[in-house]
Amino acid sequence: MAPPLESMPRSVVLAILLLVVVGCTSPRAHGPAADDRYPSDYVIPRAFYVGTRVGSTRLRGDFDGRTQVVGPDTIDVPDAGTGAATAFAVGYTKHGRSIEVVYTRANYDELETSSVALNALYALRANERVQPYALVGLVFPWATLDDASTDGMAIGDADLRSGIGLQLAGGVAWMFGQRVALDLRGGYLWQEFSEAEGVAGSSGSIDDAVNGSQFELSVGLTFFRLLRGGR
Amino acid sequence: MKRALLILAATQLTACAAHNAHIVELVPPDVVDGADRVAPLVDEAFRALVDDGPDALRNDEVAMAVEIDDVDAAFAADGALLEREELRERIEGQLVDLLGDALTTRTVDAAELRLDVWLLVDMGRIDAVSLRVACLLTHRDAPRETLAYGESHIETFERLRCFGCRDDFFGDTGTRLRNESRSGGVFLLGTGYYYGPYHNHYHSPRSTYTRVRN
């Protein structure tokens with residue numbers, strides 16, 4: 001699957017994401033703020049939160065066992081298949097609009113990926129127990145490929161770095177009062193890596209960056225700390 | 001010597017066997033029919049230089065320096081492999097013929113003019129070799145000012161290699177050649193050519209990898 005984002009300059013992608021983030025977090029006269037007229041036990045006016053999530057992830061694109069990165073070292077990009085992901089998030093939410101920073105680590109048979117992401121979330125019904133939500137995020141990934149590189153003699157791990165990605169996701173959250181939420185999320189992440197380093201320690205840029213399409217299904221648990229004056 | 005070669009071959013096979021995703025081509029790696037392709041490029045680049053500065057070579061002594069990109073490419077001609085130095089001498093000999101009477105000395109200090117010639121080799125693509133010849137004429141007293149410049153087109157041809165053993169990537173992958181001519185922008189900067197921005201411009205400051213789909 002090759003989304004049109006691949007053909008867009010990074011600066012354009014970054015600008016779009018910043019607009020989305022600003023748009024989702026700025027006060028508005030309509031939308032979820034209207035829920036204030038119907039306060040319920042589930043509305044979170046303002047809060048910081050921390051969350052953790054686990055899930056299953058599938059990485060494709062160049063991670064299908066048919067891609068090599070050739071330069072000072074030869075790097076075989078393995079077939080990633082399906083792996084397990086864990087994540088930790090800290091964020092801020094206000095009337096159903098949230099912004100968060102997330103660290104994610106995913107383990108596959110022959111590689112590990114890590115990322116730091118800046119996500120913006122938008123809950124469709126922020127005053128109800130069940131809150132569908134959408135997410136868009138800017139992701140900065142990196143990866144370690146197990147025993148995937150050789151300099152002709154030695155064989156060892158390889159690293160893919162300088163990654164950037166965009167993720168889109170949707171989910172449903174179940175609120176347990178105003179303090180705790182459990183959610184189910186499905187998402188897609190497109191990412192690319194533009195720098196590699198092989199077993200010989202030769203780091204270099206990659207012509208025509210390595211890209212990966214990642215599908216993820218996860219469950220998360222979030223704890224909110226309400227802020228004063230947030231009604 | 002045969003013993004040493006056998007050991008070397010066995011080492012390569014070991015590396016291949018341990019690396020299970022290789023596709024090994026059944027042809028010698030890095031052997032390119034380079035020399036036969038170089039001669040027309042030298043001629044083309046020199047003619048372009050003469051067209052750029054038709055009076056520059058008249059009545060002056062010309063010194064010459066020939067440089068070949070330092071990459072691990074083997075150049076084949078007449079059924080044999082040419083070492084880089086042998087190829088350099090071939091190019092120099094061809095230029096001597098082209099220069100004719102203008103080449104009165106090959107001592108750089110004594111000559112009025114200096115002709116620098118580069119055979120640029122791009123092995124950045126895994127399956128191809130690209131060649132370009134570039135010539136630059138400068139005056140001894142003003143080595144940073146270009147009197148004339150000429151370059152050939154880029155000749156690209158297939159490179160055959162062991163796909164997985166990276167035997168042609170132990171060294172530099174050479175100059176990154178682009179289709180557009182560099183004859184304008186580089187020299188209008190007035191920053192010179194030899195030892196300077198020309199090579200810096202083309203060479204990536206860091207080693208570069210290429211993504212390949214099998």
# chains A, B, ... in the order shown; residues from 1 in each chain; ligands from 1
>>> select_by_dssp(residues="range 4-230 of chain A", states="strand (DSSP E)", output="number ranges by chain")
A: 46-70, 74-94, 97-107, 111-123, 130-150, 155-176, 180-197, 203-226
>>> residues_around(residues="range 86-98 of chain B", least_positions_apart="4", cutoff="9 Å", atoms="only C-alpha atoms", output="ChimeraX atom specification")
/B:35,38-39,42-43,46-47,64-68,75,82,102-103,117,119
>>> interface_residues(of="chain A", to="chain B", cutoff="7 Å", atoms="only C-alpha atoms", output="PDB file with C-alpha atoms, in the first residue's frame")
ATOM      1  CA  ARG A  66      12.837  -8.586  -0.414  1.00  0.00           C
ATOM      2  CA  THR A  67      14.710  -5.385   0.284  1.00  0.00           C
ATOM      3  CA  GLN A  68      18.413  -4.809   0.672  1.00  0.00           C
ATOM      4  CA  VAL A  69      20.210  -1.648   1.630  1.00  0.00           C
ATOM      5  CA  VAL A  70      23.587  -1.700  -0.021  1.00  0.00           C
ATOM      6  CA  GLY A  71      26.485   0.582   0.688  1.00  0.00           C
ATOM      7  CA  PRO A  72      29.527   0.327   2.925  1.00  0.00           C
ATOM      8  CA  THR A  74      25.010  -4.822   2.966  1.00  0.00           C
ATOM      9  CA  GLY A 152      31.711  -9.337   3.834  1.00  0.00           C
ATOM     10  CA  MET A 153      33.239 -10.931   6.908  1.00  0.00           C
ATOM     11  CA  SER A 203      26.502   5.249   8.833  1.00  0.00           C
ATOM     12  CA  GLY A 204      25.083   6.836   5.728  1.00  0.00           C
ATOM     13  CA  SER A 205      22.007   8.184   4.070  1.00  0.00           C
ATOM     14  CA  ILE A 206      19.802   5.918   1.979  1.00  0.00           C
ATOM     15  CA  ASP A 207      18.901   6.745  -1.573  1.00  0.00           C
ATOM     16  CA  ASP A 208      15.175   6.168  -1.950  1.00  0.00           C
ATOM     17  CA  ALA A 209      14.418   5.647   1.722  1.00  0.00           C
ATOM     18  CA  VAL A 210      13.251   2.375   3.243  1.00  0.00           C
TER      19      VAL A 210
END
>>> select_by_dssp(residues="range 8-220 of chain A", states="alpha helix (DSSP H)", output="PyMOL selection string")
chain A and resi 10-25
>>> residues_around(residues="Ala85 in chain A", least_positions_apart="3", cutoff="8 Å", atoms="only C-alpha atoms", output="PDB file with N, CA and C atoms, in the first residue's frame")
ATOM      1  N   VAL A  54      -1.035  -1.937  24.855  1.00  0.00           N
ATOM      2  CA  VAL A  54      -0.393  -3.106  24.262  1.00  0.00           C
ATOM      3  C   VAL A  54      -1.205  -3.496  23.044  1.00  0.00           C
ATOM      4  N   GLY A  55      -0.517  -4.111  22.102  1.00  0.00           N
ATOM      5  CA  GLY A  55      -1.258  -4.484  20.910  1.00  0.00           C
ATOM      6  C   GLY A  55      -0.467  -5.361  19.973  1.00  0.00           C
ATOM      7  N   SER A  56      -1.119  -5.700  18.905  1.00  0.00           N
ATOM      8  CA  SER A  56      -0.501  -6.482  17.844  1.00  0.00           C
ATOM      9  C   SER A  56      -0.278  -5.562  16.652  1.00  0.00           C
ATOM     10  N   THR A  57       0.876  -5.717  16.035  1.00  0.00           N
ATOM     11  CA  THR A  57       1.206  -4.838  14.923  1.00  0.00           C
ATOM     12  C   THR A  57       1.772  -5.650  13.770  1.00  0.00           C
ATOM     13  N   THR A 104       6.724   4.240  21.745  1.00  0.00           N
ATOM     14  CA  THR A 104       6.238   2.910  21.382  1.00  0.00           C
ATOM     15  C   THR A 104       7.415   2.018  21.024  1.00  0.00           C
ATOM     16  N   ARG A 105       7.329   0.798  21.440  1.00  0.00           N
ATOM     17  CA  ARG A 105       8.345  -0.194  21.066  1.00  0.00           C
ATOM     18  C   ARG A 105       7.619  -1.430  20.571  1.00  0.00           C
ATOM     19  N   ALA A 106       8.062  -1.932  19.436  1.00  0.00           N
ATOM     20  CA  ALA A 106       7.447  -3.125  18.853  1.00  0.00           C
ATOM     21  C   ALA A 106       8.527  -4.160  18.586  1.00  0.00           C
ATOM     22  N   ASN A 107       8.249  -5.377  18.965  1.00  0.00           N
ATOM     23  CA  ASN A 107       9.201  -6.477  18.776  1.00  0.00           C
ATOM     24  C   ASN A 107       8.659  -7.464  17.743  1.00  0.00           C
TER      25      ASN A 107
END
>>> residues_around(residues="range 136-152 of chain B", least_positions_apart="5", cutoff="6 Å", atoms="only C-alpha atoms", output="count of residues only")
13
>>> closest_residue(among="B:Asp55, B:Asp33, B:Glu155, B:Asp122", to="Asp70 in chain B", atoms="only C-alpha atoms")
B:Asp122
>>> closest_residue(among="B:Glu158, B:Asp78, B:Glu61, B:Asp36", to="Leu99 in chain B", atoms="only C-alpha atoms")
B:Glu61
>>> atom_distance(atom1="CA of Arg185 in chain A", atom2="CA of Ser162 in chain A")
26.5 Å
>>> residues_around(residues="Val32 in chain B", least_positions_apart="6", cutoff="10 Å", atoms="only C-alpha atoms", output="PDB file with N, CA, C and O atoms, in the first residue's frame")
ATOM      1  N   ALA B  73      36.378  -0.209  -9.164  1.00  0.00           N
ATOM      2  CA  ALA B  73      35.885  -0.710 -10.440  1.00  0.00           C
ATOM      3  C   ALA B  73      37.065  -1.263 -11.218  1.00  0.00           C
ATOM      4  O   ALA B  73      38.165  -0.720 -11.174  1.00  0.00           O
ATOM      5  N   ALA B  74      36.825  -2.355 -11.897  1.00  0.00           N
ATOM      6  CA  ALA B  74      37.857  -2.911 -12.766  1.00  0.00           C
ATOM      7  C   ALA B  74      37.483  -2.581 -14.209  1.00  0.00           C
ATOM      8  O   ALA B  74      36.337  -2.737 -14.605  1.00  0.00           O
ATOM      9  N   PHE B  75      38.419  -2.091 -14.944  1.00  0.00           N
ATOM     10  CA  PHE B  75      38.148  -1.691 -16.324  1.00  0.00           C
ATOM     11  C   PHE B  75      38.743  -2.727 -17.276  1.00  0.00           C
ATOM     12  O   PHE B  75      39.922  -3.062 -17.188  1.00  0.00           O
ATOM     13  N   ALA B  76      37.914  -3.207 -18.157  1.00  0.00           N
ATOM     14  CA  ALA B  76      38.348  -4.257 -19.064  1.00  0.00           C
ATOM     15  C   ALA B  76      38.520  -3.699 -20.464  1.00  0.00           C
ATOM     16  O   ALA B  76      37.743  -2.862 -20.911  1.00  0.00           O
ATOM     17  N   ALA B  77      39.551  -4.166 -21.111  1.00  0.00           N
ATOM     18  CA  ALA B  77      39.788  -3.786 -22.506  1.00  0.00           C
ATOM     19  C   ALA B  77      40.655  -4.847 -23.158  1.00  0.00           C
ATOM     20  O   ALA B  77      41.549  -5.401 -22.511  1.00  0.00           O
ATOM     21  N   LEU B  81      41.992  -7.085 -17.900  1.00  0.00           N
ATOM     22  CA  LEU B  81      41.631  -6.025 -16.955  1.00  0.00           C
ATOM     23  C   LEU B  81      42.714  -4.963 -16.920  1.00  0.00           C
ATOM     24  O   LEU B  81      43.900  -5.257 -16.980  1.00  0.00           O
ATOM     25  N   ALA B 128      24.487  -0.573 -11.985  1.00  0.00           N
ATOM     26  CA  ALA B 128      24.976   0.203 -13.119  1.00  0.00           C
ATOM     27  C   ALA B 128      26.276   0.916 -12.763  1.00  0.00           C
ATOM     28  O   ALA B 128      26.596   1.148 -11.597  1.00  0.00           O
ATOM     29  N   VAL B 129      27.010   1.223 -13.805  1.00  0.00           N
ATOM     30  CA  VAL B 129      28.168   2.100 -13.684  1.00  0.00           C
ATOM     31  C   VAL B 129      27.966   3.253 -14.650  1.00  0.00           C
ATOM     32  O   VAL B 129      27.573   3.048 -15.795  1.00  0.00           O
ATOM     33  N   PHE B 157      26.058   1.997 -18.100  1.00  0.00           N
ATOM     34  CA  PHE B 157      25.872   0.639 -18.585  1.00  0.00           C
ATOM     35  C   PHE B 157      25.764  -0.320 -17.420  1.00  0.00           C
ATOM     36  O   PHE B 157      26.073   0.029 -16.273  1.00  0.00           O
ATOM     37  N   GLU B 158      25.322  -1.498 -17.734  1.00  0.00           N
ATOM     38  CA  GLU B 158      24.990  -2.472 -16.699  1.00  0.00           C
ATOM     39  C   GLU B 158      26.231  -2.944 -15.954  1.00  0.00           C
ATOM     40  O   GLU B 158      27.289  -3.128 -16.549  1.00  0.00           O
ATOM     41  N   ARG B 159      26.074  -3.104 -14.677  1.00  0.00           N
ATOM     42  CA  ARG B 159      27.155  -3.650 -13.856  1.00  0.00           C
ATOM     43  C   ARG B 159      26.712  -5.002 -13.319  1.00  0.00           C
ATOM     44  O   ARG B 159      25.605  -5.162 -12.829  1.00  0.00           O
ATOM     45  N   LEU B 160      27.591  -5.930 -13.428  1.00  0.00           N
ATOM     46  CA  LEU B 160      27.272  -7.278 -12.969  1.00  0.00           C
ATOM     47  C   LEU B 160      28.039  -7.554 -11.689  1.00  0.00           C
ATOM     48  O   LEU B 160      29.223  -7.286 -11.588  1.00  0.00           O
TER      49      LEU B 160
END
>>> residues_around(residues="Leu118 in chain A", least_positions_apart="2", cutoff="12 Å", atoms="only C-alpha atoms", output="ChimeraX atom specification")
/A:14,17-18,20-21,89-92,98-104,115-116,120-121,135-141,164-168
>>> atom_distance(atom1="CA of Thr175 in chain B", atom2="CA of Asp69 in chain B")
7.1 Å
